[in-house]
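The next block is start_18.pdb, given as PDB, C-alpha atoms (C1' of nucleotides).
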```
ATOM      1  CA  MET A  18     -56.528  20.614  20.795
ATOM      2  CA  SER A  19     -59.994  21.981  21.530
ATOM      3  CA  ASP A  20     -60.406  25.114  19.475
ATOM      4  CA  TYR A  21     -58.143  27.718  18.013
ATOM      5  CA  GLY A  22     -59.786  30.905  19.087
ATOM      6  CA  PRO A  23     -62.936  32.769  18.218
ATOM      7  CA  GLY A  24     -64.484  31.720  14.961
ATOM      8  CA  GLY A  25     -62.097  28.861  14.480
ATOM      9  CA  LEU A  26     -58.944  30.849  13.959
ATOM     10  CA  PHE A  27     -55.919  28.775  13.227
ATOM     11  CA  LEU A  28     -52.981  30.907  14.066
ATOM     12  CA  ALA A  29     -50.563  30.615  16.935
ATOM     13  CA  ASP A  30     -50.046  27.036  18.139
ATOM     14  CA  CYS A  31     -52.137  25.052  15.754
ATOM     15  CA  PRO A  32     -52.248  22.697  12.776
ATOM     16  CA  ALA A  33     -51.846  25.551  10.333
ATOM     17  CA  ARG A  34     -48.291  26.026  11.469
ATOM     18  CA  LEU A  35     -47.526  22.394  10.752
ATOM     19  CA  ALA A  36     -49.068  22.678   7.324
ATOM     20  CA  VAL A  37     -47.053  25.783   6.619
ATOM     21  CA  GLU A  38     -43.865  24.156   7.806
ATOM     22  CA  LEU A  39     -44.539  21.266   5.501
ATOM     23  CA  ILE A  40     -45.375  23.045   2.296
ATOM     24  CA  ALA A  41     -43.983  26.543   2.720
ATOM     25  CA  ASP A  42     -40.808  26.068   0.807
ATOM     26  CA  LYS A  43     -39.771  26.376  -2.752
ATOM     27  CA  TRP A  44     -40.005  22.755  -3.806
ATOM     28  CA  THR A  45     -42.179  20.584  -1.592
ATOM     29  CA  VAL A  46     -45.442  21.222  -3.395
ATOM     30  CA  VAL A  47     -43.908  20.754  -6.810
ATOM     31  CA  VAL A  48     -42.186  17.523  -5.806
ATOM     32  CA  LEU A  49     -45.377  16.116  -4.338
ATOM     33  CA  SER A  50     -47.159  17.078  -7.529
ATOM     34  CA  GLY A  51     -44.530  15.256  -9.508
ATOM     35  CA  LEU A  52     -45.224  12.097  -7.544
ATOM     36  CA  SER A  53     -48.977  12.389  -7.723
ATOM     37  CA  GLU A  54     -49.317  10.027 -10.649
ATOM     38  CA  GLY A  55     -47.193   7.185  -9.412
ATOM     39  CA  PRO A  56     -43.608   6.183  -8.681
ATOM     40  CA  VAL A  57     -40.973   8.293 -10.374
ATOM     41  CA  ARG A  58     -37.218   7.960 -10.552
ATOM     42  CA  HIS A  59     -34.885  10.563  -9.187
ATOM     43  CA  GLY A  60     -33.603  11.614 -12.577
ATOM     44  CA  ASP A  61     -37.054  11.715 -14.060
ATOM     45  CA  LEU A  62     -38.171  14.029 -11.302
ATOM     46  CA  ILE A  63     -35.284  16.343 -12.086
ATOM     47  CA  ASP A  64     -36.420  16.338 -15.662
ATOM     48  CA  LEU A  65     -40.091  16.611 -14.866
ATOM     49  CA  ILE A  66     -39.875  19.457 -12.427
ATOM     50  CA  GLY A  67     -37.307  21.545 -14.168
ATOM     51  CA  GLY A  68     -35.104  23.979 -12.324
ATOM     52  CA  ILE A  69     -34.462  21.927  -9.223
ATOM     53  CA  SER A  70     -30.949  20.805  -8.367
ATOM     54  CA  ARG A  71     -30.148  17.223  -7.395
ATOM     55  CA  LYS A  72     -29.229  18.442  -3.958
ATOM     56  CA  MET A  73     -32.550  20.128  -3.335
ATOM     57  CA  LEU A  74     -34.511  17.243  -4.780
ATOM     58  CA  THR A  75     -32.811  14.709  -2.555
ATOM     59  CA  GLN A  76     -33.128  16.996   0.424
ATOM     60  CA  THR A  77     -36.812  17.621  -0.195
ATOM     61  CA  LEU A  78     -37.487  13.931  -0.715
ATOM     62  CA  ARG A  79     -35.646  13.026   2.479
ATOM     63  CA  ARG A  80     -37.706  15.498   4.366
ATOM     64  CA  LEU A  81     -40.945  14.200   2.921
ATOM     65  CA  GLU A  82     -39.797  10.690   3.694
ATOM     66  CA  SER A  83     -39.142  11.537   7.326
ATOM     67  CA  HIS A  84     -42.588  13.063   7.534
ATOM     68  CA  GLY A  85     -44.124   9.879   6.223
ATOM     69  CA  LEU A  86     -45.361  11.382   2.987
ATOM     70  CA  VAL A  87     -42.992   9.686   0.582
ATOM     71  CA  ARG A  88     -41.476   6.238   0.395
ATOM     72  CA  ARG A  89     -38.082   5.581  -1.115
ATOM     73  CA  HIS A  90     -37.383   2.392  -3.032
ATOM     74  CA  ALA A  91     -33.825   1.667  -4.070
ATOM     75  CA  TYR A  92     -33.283  -1.251  -6.456
ATOM     76  CA  ALA A  93     -30.107  -3.260  -6.081
ATOM     77  CA  GLU A  94     -29.137  -2.836  -9.692
ATOM     78  CA  VAL A  95     -26.355  -1.343 -11.653
ATOM     79  CA  PRO A  96     -26.599   1.352 -12.688
ATOM     80  CA  PRO A  97     -28.523   2.255  -9.570
ATOM     81  CA  ARG A  98     -32.203   2.950  -9.785
ATOM     82  CA  VAL A  99     -34.209   4.702  -7.106
ATOM     83  CA  GLU A 100     -37.901   5.332  -7.228
ATOM     84  CA  TYR A 101     -40.018   7.522  -5.036
ATOM     85  CA  GLU A 102     -43.707   7.251  -4.443
ATOM     86  CA  LEU A 103     -46.306   8.819  -2.250
ATOM     87  CA  THR A 104     -47.356   6.939   0.843
ATOM     88  CA  SER A 105     -51.076   6.721   1.522
ATOM     89  CA  LEU A 106     -50.603   9.618   3.912
ATOM     90  CA  GLY A 107     -48.774  11.594   1.284
ATOM     91  CA  ALA A 108     -51.505  10.878  -1.224
ATOM     92  CA  THR A 109     -54.013  12.601   1.014
ATOM     93  CA  LEU A 110     -52.034  15.806   0.639
ATOM     94  CA  ILE A 111     -52.558  15.831  -3.095
ATOM     95  CA  GLU A 112     -56.136  16.983  -2.756
ATOM     96  CA  PRO A 113     -55.320  20.153  -0.792
ATOM     97  CA  ILE A 114     -52.513  20.861  -3.225
ATOM     98  CA  HIS A 115     -54.878  20.317  -6.084
ATOM     99  CA  VAL A 116     -57.338  22.792  -4.634
ATOM    100  CA  LEU A 117     -54.530  25.284  -4.337
ATOM    101  CA  THR A 118     -53.333  24.848  -7.891
ATOM    102  CA  GLU A 119     -56.862  25.016  -9.193
ATOM    103  CA  TRP A 120     -57.153  28.329  -7.443
ATOM    104  CA  ALA A 121     -53.990  29.495  -9.141
ATOM    105  CA  ARG A 122     -55.269  28.304 -12.481
ATOM    106  CA  ALA A 123     -58.500  30.223 -11.997
ATOM    107  CA  ASN A 124     -57.118  33.378 -10.414
ATOM    108  CA  GLY A 125     -53.581  33.559 -11.689
ATOM    109  CA  ASP A 126     -54.437  36.177 -14.274
ATOM    110  CA  ALA A 127     -56.157  38.349 -11.694
ATOM    111  CA  VAL A 128     -53.044  38.234  -9.534
ATOM    112  CA  LEU A 129     -50.818  39.109 -12.445
ATOM    113  CA  ASP A 130     -53.149  41.932 -13.396
ATOM    114  CA  ALA A 131     -52.986  43.284  -9.872
ATOM    115  CA  LEU A 132     -49.194  43.068  -9.932
ATOM    116  CA  ASP A 133     -49.225  44.894 -13.215
ATOM    117  CA  ALA A 134     -51.550  47.640 -12.061
ATOM    118  CA  HIS A 135     -49.441  48.004  -8.948
ATOM    119  CA  SER A 136     -46.158  48.432 -10.744
ATOM    120  CA  GLU A 137     -47.685  50.895 -13.215
ATOM    121  CA  PRO A 138     -49.653  53.311 -11.078
ATOM    122  CA  VAL A 139     -49.157  55.799 -13.900
ATOM    123  CA  ALA A 140     -52.219  57.997 -13.741
ATOM    124  CA  HIS A 141     -54.005  58.149 -17.056
ATOM    125  CA  GLN A 142     -54.210  61.831 -16.415
ATOM    126  CA  GLY A 143     -57.872  61.905 -17.169
TER     127      GLY A 143
ATOM    128  CA  MET B 211     -51.871  27.731 -21.259
ATOM    129  CA  SER B 212     -53.264  24.642 -22.984
ATOM    130  CA  ASP B 213     -52.309  21.685 -20.843
ATOM    131  CA  TYR B 214     -49.604  20.885 -18.381
ATOM    132  CA  GLY B 215     -48.416  17.550 -19.602
ATOM    133  CA  PRO B 216     -49.772  14.038 -19.465
ATOM    134  CA  GLY B 217     -52.494  13.544 -16.933
ATOM    135  CA  GLY B 218     -52.763  17.202 -16.098
ATOM    136  CA  LEU B 219     -49.371  17.654 -14.509
ATOM    137  CA  PHE B 220     -48.757  21.071 -13.133
ATOM    138  CA  LEU B 221     -45.061  21.416 -12.812
ATOM    139  CA  ALA B 222     -42.694  23.495 -14.879
ATOM    140  CA  ASP B 223     -44.345  26.596 -16.280
ATOM    141  CA  CYS B 224     -47.735  26.468 -14.732
ATOM    142  CA  PRO B 225     -50.136  27.899 -12.163
ATOM    143  CA  ALA B 226     -48.696  25.768  -9.394
ATOM    144  CA  ARG B 227     -45.537  27.824  -9.478
ATOM    145  CA  LEU B 228     -47.521  30.978  -8.971
ATOM    146  CA  ALA B 229     -49.390  29.457  -6.074
ATOM    147  CA  VAL B 230     -46.158  28.321  -4.503
ATOM    148  CA  GLU B 231     -44.558  31.705  -4.952
ATOM    149  CA  LEU B 232     -47.535  33.269  -3.274
ATOM    150  CA  ILE B 233     -47.851  31.096  -0.225
ATOM    151  CA  ALA B 234     -44.463  29.468   0.154
ATOM    152  CA  ASP B 235     -43.055  31.645   2.856
ATOM    153  CA  LYS B 236     -43.140  31.703   6.583
ATOM    154  CA  TRP B 237     -45.982  34.152   7.104
ATOM    155  CA  THR B 238     -48.275  34.616   4.128
ATOM    156  CA  VAL B 239     -50.695  31.837   4.998
ATOM    157  CA  VAL B 240     -50.896  32.850   8.620
ATOM    158  CA  VAL B 241     -51.473  36.500   7.776
ATOM    159  CA  LEU B 242     -54.218  35.637   5.317
ATOM    160  CA  SER B 243     -55.776  33.444   7.970
ATOM    161  CA  GLY B 244     -55.658  36.327  10.381
ATOM    162  CA  LEU B 245     -57.620  38.456   7.954
ATOM    163  CA  SER B 246     -60.141  35.788   7.105
ATOM    164  CA  GLU B 247     -62.733  37.064   9.526
ATOM    165  CA  GLY B 248     -62.721  40.701   8.578
ATOM    166  CA  PRO B 249     -60.636  43.873   8.770
ATOM    167  CA  VAL B 250     -57.888  43.832  11.371
ATOM    168  CA  ARG B 251     -55.511  46.506  12.537
ATOM    169  CA  HIS B 252     -51.783  46.191  12.205
ATOM    170  CA  GLY B 253     -51.189  45.902  15.923
ATOM    171  CA  ASP B 254     -53.986  43.432  16.375
ATOM    172  CA  LEU B 255     -52.491  41.225  13.715
ATOM    173  CA  ILE B 256     -49.183  41.280  15.542
ATOM    174  CA  ASP B 257     -51.022  40.212  18.633
ATOM    175  CA  LEU B 258     -53.217  37.696  16.886
ATOM    176  CA  ILE B 259     -50.521  35.905  14.969
ATOM    177  CA  GLY B 260     -47.866  35.825  17.594
ATOM    178  CA  GLY B 261     -44.197  35.603  16.753
ATOM    179  CA  ILE B 262     -44.174  37.860  13.730
ATOM    180  CA  SER B 263     -42.167  41.084  13.769
ATOM    181  CA  ARG B 264     -43.624  44.373  12.614
ATOM    182  CA  LYS B 265     -41.188  44.386   9.774
ATOM    183  CA  MET B 266     -42.260  41.029   8.445
ATOM    184  CA  LEU B 267     -45.930  41.786   8.920
ATOM    185  CA  THR B 268     -45.722  45.023   6.965
ATOM    186  CA  GLN B 269     -43.601  43.366   4.327
ATOM    187  CA  THR B 270     -45.988  40.457   3.947
ATOM    188  CA  LEU B 271     -48.997  42.761   3.813
ATOM    189  CA  ARG B 272     -47.355  44.942   1.189
ATOM    190  CA  ARG B 273     -46.683  41.907  -0.906
ATOM    191  CA  LEU B 274     -50.226  40.656  -0.581
ATOM    192  CA  GLU B 275     -51.453  44.124  -1.411
ATOM    193  CA  SER B 276     -49.412  44.263  -4.585
ATOM    194  CA  HIS B 277     -50.832  40.900  -5.573
ATOM    195  CA  GLY B 278     -54.341  42.207  -5.125
ATOM    196  CA  LEU B 279     -55.183  39.931  -2.225
ATOM    197  CA  VAL B 280     -55.279  42.526   0.534
ATOM    198  CA  ARG B 281     -56.487  46.098   0.730
ATOM    199  CA  ARG B 282     -54.953  48.665   3.039
ATOM    200  CA  HIS B 283     -57.055  51.327   4.656
ATOM    201  CA  ALA B 284     -55.319  54.120   6.558
ATOM    202  CA  TYR B 285     -57.491  56.429   8.593
ATOM    203  CA  ALA B 286     -56.430  60.057   8.873
ATOM    204  CA  GLU B 287     -56.493  60.027  12.628
ATOM    205  CA  VAL B 288     -54.147  60.552  15.456
ATOM    206  CA  PRO B 289     -52.916  58.263  16.706
ATOM    207  CA  PRO B 290     -52.779  56.602  13.302
ATOM    208  CA  ARG B 291     -55.007  53.666  12.575
ATOM    209  CA  VAL B 292     -54.527  51.274   9.692
ATOM    210  CA  GLU B 293     -56.739  48.367   8.873
ATOM    211  CA  TYR B 294     -56.182  45.557   6.449
ATOM    212  CA  GLU B 295     -58.791  43.420   4.846
ATOM    213  CA  LEU B 296     -59.002  40.763   2.212
ATOM    214  CA  THR B 297     -60.067  41.792  -1.245
ATOM    215  CA  SER B 298     -62.656  39.626  -2.928
ATOM    216  CA  LEU B 299     -59.776  37.981  -4.751
ATOM    217  CA  GLY B 300     -57.954  37.411  -1.507
ATOM    218  CA  ALA B 301     -61.058  35.958   0.042
ATOM    219  CA  THR B 302     -61.095  33.230  -2.590
ATOM    220  CA  LEU B 303     -57.735  32.053  -1.326
ATOM    221  CA  ILE B 304     -59.145  31.333   2.094
ATOM    222  CA  GLU B 305     -60.859  28.199   0.900
ATOM    223  CA  PRO B 306     -57.694  26.477  -0.385
ATOM    224  CA  ILE B 307     -55.938  27.501   2.795
ATOM    225  CA  HIS B 308     -58.785  26.117   4.816
ATOM    226  CA  VAL B 309     -58.587  22.796   2.988
ATOM    227  CA  LEU B 310     -54.901  22.711   3.734
ATOM    228  CA  THR B 311     -55.277  23.424   7.421
ATOM    229  CA  GLU B 312     -58.078  20.918   7.695
ATOM    230  CA  TRP B 313     -55.687  18.385   6.270
ATOM    231  CA  ALA B 314     -53.153  19.337   8.907
ATOM    232  CA  ARG B 315     -55.751  19.054  11.613
ATOM    233  CA  ALA B 316     -56.714  15.605  10.428
ATOM    234  CA  ASN B 317     -53.258  14.251   9.628
ATOM    235  CA  GLY B 318     -50.964  16.217  11.852
ATOM    236  CA  ASP B 319     -50.623  13.398  14.319
ATOM    237  CA  ALA B 320     -49.745  10.924  11.614
ATOM    238  CA  VAL B 321     -46.999  13.229  10.408
ATOM    239  CA  LEU B 322     -45.640  13.661  13.907
ATOM    240  CA  ASP B 323     -45.759   9.913  14.440
ATOM    241  CA  ALA B 324     -43.808   9.384  11.249
ATOM    242  CA  LEU B 325     -41.265  11.954  12.341
ATOM    243  CA  ASP B 326     -41.010  10.172  15.634
ATOM    244  CA  ALA B 327     -40.591   6.722  14.143
ATOM    245  CA  HIS B 328     -37.998   8.139  11.814
ATOM    246  CA  SER B 329     -35.856   9.669  14.504
ATOM    247  CA  GLU B 330     -36.076   6.539  16.630
ATOM    248  CA  PRO B 331     -35.388   3.693  14.250
ATOM    249  CA  VAL B 332     -34.324   1.665  17.290
ATOM    250  CA  ALA B 333     -35.087  -1.883  16.294
ATOM    251  CA  HIS B 334     -37.265  -3.604  18.867
ATOM    252  CA  GLN B 335     -35.042  -6.584  18.406
ATOM    253  CA  GLY B 336     -38.166  -8.702  17.819
TER     254      GLY B 336
ATOM    255  C1'  DC C  81     -27.583   7.114 -12.038
ATOM    256  C1'  DA C  82     -28.094   8.498  -7.323
ATOM    257  C1'  DG C  83     -26.097  10.655  -3.380
ATOM    258  C1'  DC C  84     -22.995  13.235  -0.461
ATOM    259  C1'  DA C  85     -19.551  16.818   0.766
ATOM    260  C1'  DT C  86     -17.867  21.265   0.035
ATOM    261  C1'  DC C  87     -17.876  25.980  -1.009
ATOM    262  C1'  DC C  88     -20.120  30.280  -1.592
ATOM    263  C1'  DT C  89     -23.678  33.681  -2.232
ATOM    264  C1'  DC C  90     -27.832  35.865  -1.233
ATOM    265  C1'  DG C  91     -31.706  37.333   1.013
ATOM    266  C1'  DC C  92     -34.967  35.967   4.811
ATOM    267  C1'  DG C  93     -36.044  37.495   8.878
ATOM    268  C1'  DG C  94     -35.141  39.118  13.753
ATOM    269  C1'  DA C  95     -33.647  43.268  16.744
ATOM    270  C1'  DT C  96     -33.368  47.873  17.348
ATOM    271  C1'  DA C  97     -33.898  52.762  16.846
ATOM    272  C1'  DC C  98     -35.925  56.597  14.614
ATOM    273  C1'  DT C  99     -39.872  59.325  12.115
ATOM    274  C1'  DG C 100     -44.679  61.095  11.626
TER     275       DG C 100
ATOM    276  C1'  DC D  96     -49.749  53.374  16.572
ATOM    277  C1'  DA D  97     -47.828  52.412  12.058
ATOM    278  C1'  DG D  98     -43.882  52.431   9.063
ATOM    279  C1'  DT D  99     -39.051  52.741   7.592
ATOM    280  C1'  DA D 100     -34.063  52.169   7.849
ATOM    281  C1'  DT D 101     -30.130  49.794   9.413
ATOM    282  C1'  DC D 102     -27.412  46.148  11.026
ATOM    283  C1'  DC D 103     -26.433  41.351  11.151
ATOM    284  C1'  DG D 104     -26.647  36.201  11.723
ATOM    285  C1'  DC D 105     -28.022  32.206   9.730
ATOM    286  C1'  DG D 106     -29.584  29.020   6.648
ATOM    287  C1'  DA D 107     -31.613  28.119   1.985
ATOM    288  C1'  DG D 108     -30.092  26.721  -2.000
ATOM    289  C1'  DG D 109     -27.170  26.692  -6.392
ATOM    290  C1'  DA D 110     -22.584  24.831  -8.527
ATOM    291  C1'  DT D 111     -19.237  21.597  -8.638
ATOM    292  C1'  DG D 112     -16.594  17.424  -7.915
ATOM    293  C1'  DC D 113     -16.157  12.806  -5.963
ATOM    294  C1'  DT D 114     -17.974   8.051  -4.602
ATOM    295  C1'  DG D 115     -20.370   3.564  -5.348
TER     296       DG D 115
END
```
Write the structure described by the file as structure tokens, please.
Amino acid sequence: MSDYGPGGLFLADCPARLAVELIADKWTVVVLSGLSEGPVRHGDLIDLIGGISRKMLTQTLRRLESHGLVRRHAYAEVPPRVEYELTSLGATLIEPIHVLTEWARANGDAVLDALDAHSEPVAHQG
Amino acid sequence: MSDYGPGGLFLADCPARLAVELIADKWTVVVLSGLSEGPVRHGDLIDLIGGISRKMLTQTLRRLESHGLVRRHAYAEVPPRVEYELTSLGATLIEPIHVLTEWARANGDAVLDALDAHSEPVAHQG
DNA sequence: CAGCATCCTCGCGGATACTG
DNA sequence: CAGTATCCGCGAGGATGCTG
């Protein structure tokens, strides 16, 4: 656990890999974002996120739960009601995610511009 | 582009999606990390990262290049030499990534503990 | 309403061999 | 040394239907 190479690299066997494993999938970040303001019901998350299937939502939540980032709370009611909320550990992940999304908000256009310029390398002939 | 819902949510059609699309794969974050200290050659990246195939490295680099985050520099030599470096735009992504990996460094153990406790829900009978 | 099981498709990503 | 093409297995992930 000492260091991770010259200059503080964080590549091979290191925390970065864990972080990547946690957030490097299609839905994790978005789901965590959806929970960032307080407990939300399953169905409301579906609605809130948009585009996620029930299967993937449940699966993502289960995974986050097993990693200690999300707590599940099922009420013994009928019809059933299940709420999910961030644990204190999970809440600490919101900040890094926020930094990331702020980056996207600030630089998203630049990225899209680059994509654009890349797909249209049509010389202006002059 | 006005707001993203109550409380500044960033879910459906928003920058967060772009950020996720950019970094939510197995290698992007690690490759960017590998370039964070300056230009690196293809082969050195392979070596540095560990576990990535040439195919995936090239593919990831091409993608980052098209998004304006990485610049490719091929020298007209023999044997060939190609270096990759972050663009100024790409360099701005290092900070969010750094925040993320710092989180992992600080909370990695907690996550692993949670995983552990989850896979061994053996009641202590107490 | 929440969750699980099933089926099915698609593309990620590794292995290998070939080109320049 | 760097890049491309090809083959292929596997798992992500959507769609649907059933249970409680």
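Taking atom CA of B:Ser263 and atom CA of A:Ala41 as endpoints, the distance between them is 18.4 Å.
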Dump as a tab-separated table the rows for residues of chain D within 8 Å of chain B: closest atom pair and distance in Å with one decimal, all atoms listed in the file counted, ordered by chain and rising residue number.
```
residue	atom	partner	partner_atom	distance
D:DC96	C1'	B:Pro290	CA	5.5
D:DA97	C1'	B:Pro290	CA	6.6
D:DG98	C1'	B:Thr268	CA	7.9
```
Over all C-alpha atoms paired in order - RMSD of chain A on chain B |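 Answer to one decimal place: 0.2 Å.
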So that each row is one residue of chain C with an atom at most 10 Å from chain A, can you give its shortest atom pair and the distance in Å to one decimal, using all atoms listed in the file, rows by chain and rising number, as a Markdown table?
```
| residue | atom | partner | partner_atom | distance |
| --- | --- | --- | --- | --- |
| C:DC81 | C1' | A:Pro97 | CA | 5.5 |
| C:DA82 | C1' | A:Pro97 | CA | 6.6 |
| C:DG83 | C1' | A:Thr75 | CA | 7.9 |
| C:DC84 | C1' | A:Lys72 | CA | 8.8 |
```
Hits of the PyMOL selection byres ((chain A) within 6 of (chain B)) in this structure, as a ChimeraX atom specification = /A:28-29,32-33,36,41-42,66-67,83-85,113,116-118,121-122,128,131-132,135
Between atom C1' of D:DA110 and atom CA of A:Gln76 lies a distance of 15.9 Å
